[in-house]
Amino acid sequence: MTDRLPTADSQASPAGDVRDRGELFVLSAGDYQVEVSTLGAIVEALTVGGRDLLVRNPEQGPMQFFRGAVVAPWPNRIGDGAYSWDGQDIQTALTEPERGNALHGLISFQAFTPVDVTADAITLRTELFPSPGYPFHLLLTVHHAVDPDAGLTTTVSARNIGHQDAPYGVCPHPYLVAGPEALDEWTLQVEAGTVLTVTEDRLLPTGTEPIAPGSDFDFGRPRMIGPLFIDHAFTDLGRDEDGLVTATVTAPGGTGVALTAGADCGWLQVHTGDRPEPENNRLGLAVEPMTCPPDAFRSGTDVVRLSPGEDFSASWSIRGW
């Protein structure tokens, strides 16, 4: 079934029913159910057989810690919020002021319009207008579809509807939940050959290092996460014959969740969700397939150049058991 709550301006909706994150759509297929908000095209929840595969946001108020967000037109951080593009020196707002960074793009708190809704899929669209911090004009389309076998697949497409080439990158921001046990007891498996080293204070890149067999970041074979802190991007990812990379997280009780991404996502950010608040600390493992690495708007690494009229799409999927 597809469930749709009233819009915020509906005269029939009492004030107490207005959602702070827009309309909520519930999609289902087989044992899967997905909840999607029109604000940011957020994946609010994904369950299989009633078990949460993602950390949820609070019912009201803003999205917390980018749980379930779609992140564009840049993933992760821009140091100092300053970058250059085709001779333009651009300054965008510092949305991570404690570290002096511009964090996670511009669309996560932007309203999307549903353009097609079925029992098991939804397509939402938003227009990102030029601003001083991103003087480029994009049309972004997010398609969420749930399948009884494949789980949730998301495709994000960007079209440059402006008059100049635009820099672009995208990623999702789900916090995966392997099971009821603590994150330290979960096992992670993902193949990667290189890790992006970062500064301790601002989490900005300092270079790359090969991942040595048996080292902290070697998860080529399933290994318990334990107390290890991870907030790093990985590349040189192991892929199957179809060019897909998969990160699998399992719990001691046998439940688990896997995220798979295509060849357009050459980087994978993994974060253990460490927070100073005990109620939010290490609740889920953020696994973010990215088209470019952190601080790419300054380094230029793997930034997509979108010419006027050009489209770019990236996809990923999440399934659980």
# chains A, B, ... in the order shown; residues from 1 in each chain; ligands from 1

call {"tool": "residues_around", "arguments": {"residues": "A:Ala212", "least_positions_apart": "2", "cutoff": "12 Å", "atoms": "only C-alpha atoms", "output": "list of chain:residue names"}}
result
A:Glu191, A:Ala192, A:Gly193, A:Thr194, A:Val195, A:Glu209, A:Pro210, A:Gly214, A:Ser215, A:Asp216, A:Phe217, A:Asp218, A:Phe219, A:Gly220

call {"tool": "write_last_selection", "arguments": {"atoms": "C-alpha atoms", "output": "CSV table (one decimal), in the first residue's frame"}}
result
chain,number,residue,atom,x,y,z
A,191,GLU,CA,37.0,-4.6,0.4
A,192,ALA,CA,39.1,-1.4,0.0
A,193,GLY,CA,42.7,-0.9,-0.9
A,194,THR,CA,43.2,2.7,0.1
A,195,VAL,CA,42.1,5.0,3.0
A,209,GLU,CA,47.5,5.4,2.4
A,210,PRO,CA,47.3,1.8,1.3
A,214,GLY,CA,45.5,-7.0,9.2
A,215,SER,CA,45.5,-3.2,9.9
A,216,ASP,CA,42.7,-1.3,11.6
A,217,PHE,CA,41.0,-0.5,8.4
A,218,ASP,CA,41.3,-3.9,6.8
A,219,PHE,CA,37.8,-5.3,6.5
A,220,GLY,CA,38.4,-7.3,3.4

call {"tool": "residues_around", "arguments": {"residues": "A:Pro252", "least_positions_apart": "2", "cutoff": "7 Å", "atoms": "only C-alpha atoms", "output": "list in words"}}
result
Glu185, Trp186, Thr250 and Gly254 of chain A

call {"tool": "write_last_selection", "arguments": {"atoms": "all heavy atoms", "output": "mmCIF file, in the first residue's frame"}}
result
data_model
loop_
_atom_site.group_PDB
_atom_site.id
_atom_site.type_symbol
_atom_site.label_atom_id
_atom_site.label_comp_id
_atom_site.auth_asym_id
_atom_site.auth_seq_id
_atom_site.Cartn_x
_atom_site.Cartn_y
_atom_site.Cartn_z
ATOM 1 N N GLU A 185 29.786 -4.871 18.697
ATOM 2 C CA GLU A 185 29.703 -6.319 18.493
ATOM 3 C C GLU A 185 29.387 -6.686 17.044
ATOM 4 O O GLU A 185 29.416 -7.870 16.694
ATOM 5 C CB GLU A 185 28.639 -6.919 19.408
ATOM 6 C CG GLU A 185 28.892 -6.708 20.896
ATOM 7 C CD GLU A 185 27.776 -7.288 21.737
ATOM 8 O OE1 GLU A 185 27.384 -8.444 21.500
ATOM 9 O OE2 GLU A 185 27.271 -6.569 22.622
ATOM 10 N N TRP A 186 29.089 -5.699 16.210
ATOM 11 C CA TRP A 186 28.772 -5.986 14.822
ATOM 12 C C TRP A 186 30.046 -6.315 14.048
ATOM 13 O O TRP A 186 31.149 -5.910 14.414
ATOM 14 C CB TRP A 186 28.095 -4.800 14.158
ATOM 15 C CG TRP A 186 26.789 -4.397 14.779
ATOM 16 C CD1 TRP A 186 26.070 -5.067 15.716
ATOM 17 C CD2 TRP A 186 26.071 -3.184 14.515
ATOM 18 N NE1 TRP A 186 24.933 -4.364 16.049
ATOM 19 C CE2 TRP A 186 24.909 -3.215 15.320
ATOM 20 C CE3 TRP A 186 26.275 -2.096 13.675
ATOM 21 C CZ2 TRP A 186 23.973 -2.174 15.316
ATOM 22 C CZ3 TRP A 186 25.352 -1.061 13.662
ATOM 23 C CH2 TRP A 186 24.213 -1.111 14.470
ATOM 24 N N THR A 250 26.869 -7.311 9.980
ATOM 25 C CA THR A 250 26.090 -8.377 10.596
ATOM 26 C C THR A 250 26.204 -8.295 12.111
ATOM 27 O O THR A 250 27.205 -7.815 12.659
ATOM 28 C CB THR A 250 26.551 -9.763 10.117
ATOM 29 O OG1 THR A 250 27.961 -9.895 10.350
ATOM 30 C CG2 THR A 250 26.288 -9.939 8.629
ATOM 31 N N GLY A 254 22.703 -12.981 14.007
ATOM 32 C CA GLY A 254 22.461 -13.469 12.644
ATOM 33 C C GLY A 254 21.741 -12.508 11.738
ATOM 34 O O GLY A 254 21.633 -12.755 10.535
#

call {"tool": "closest_residue", "arguments": {"among": "A:Gly207, A:Gly266, A:Pro174, A:Pro294", "to": "A:Asp52", "atoms": "only C-alpha atoms"}}
result
A:Pro174

call {"tool": "residues_around", "arguments": {"residues": "A:Pro293", "least_positions_apart": "5", "cutoff": "10 Å", "atoms": "only C-alpha atoms", "output": "ChimeraX atom specification"}}
result
/A:74-77,169-170,196,205,232-235,265-269,299-303

call {"tool": "closest_residue", "arguments": {"among": "A:Ala45, A:Leu176, A:Ile225, A:Ile161", "to": "A:Thr255", "atoms": "only C-alpha atoms"}}
result
A:Leu176

call {"tool": "closest_residue", "arguments": {"among": "A:Ala111, A:Glu288, A:Thr206, A:Asp231", "to": "A:Asp274", "atoms": "only C-alpha atoms"}}
result
A:Asp231
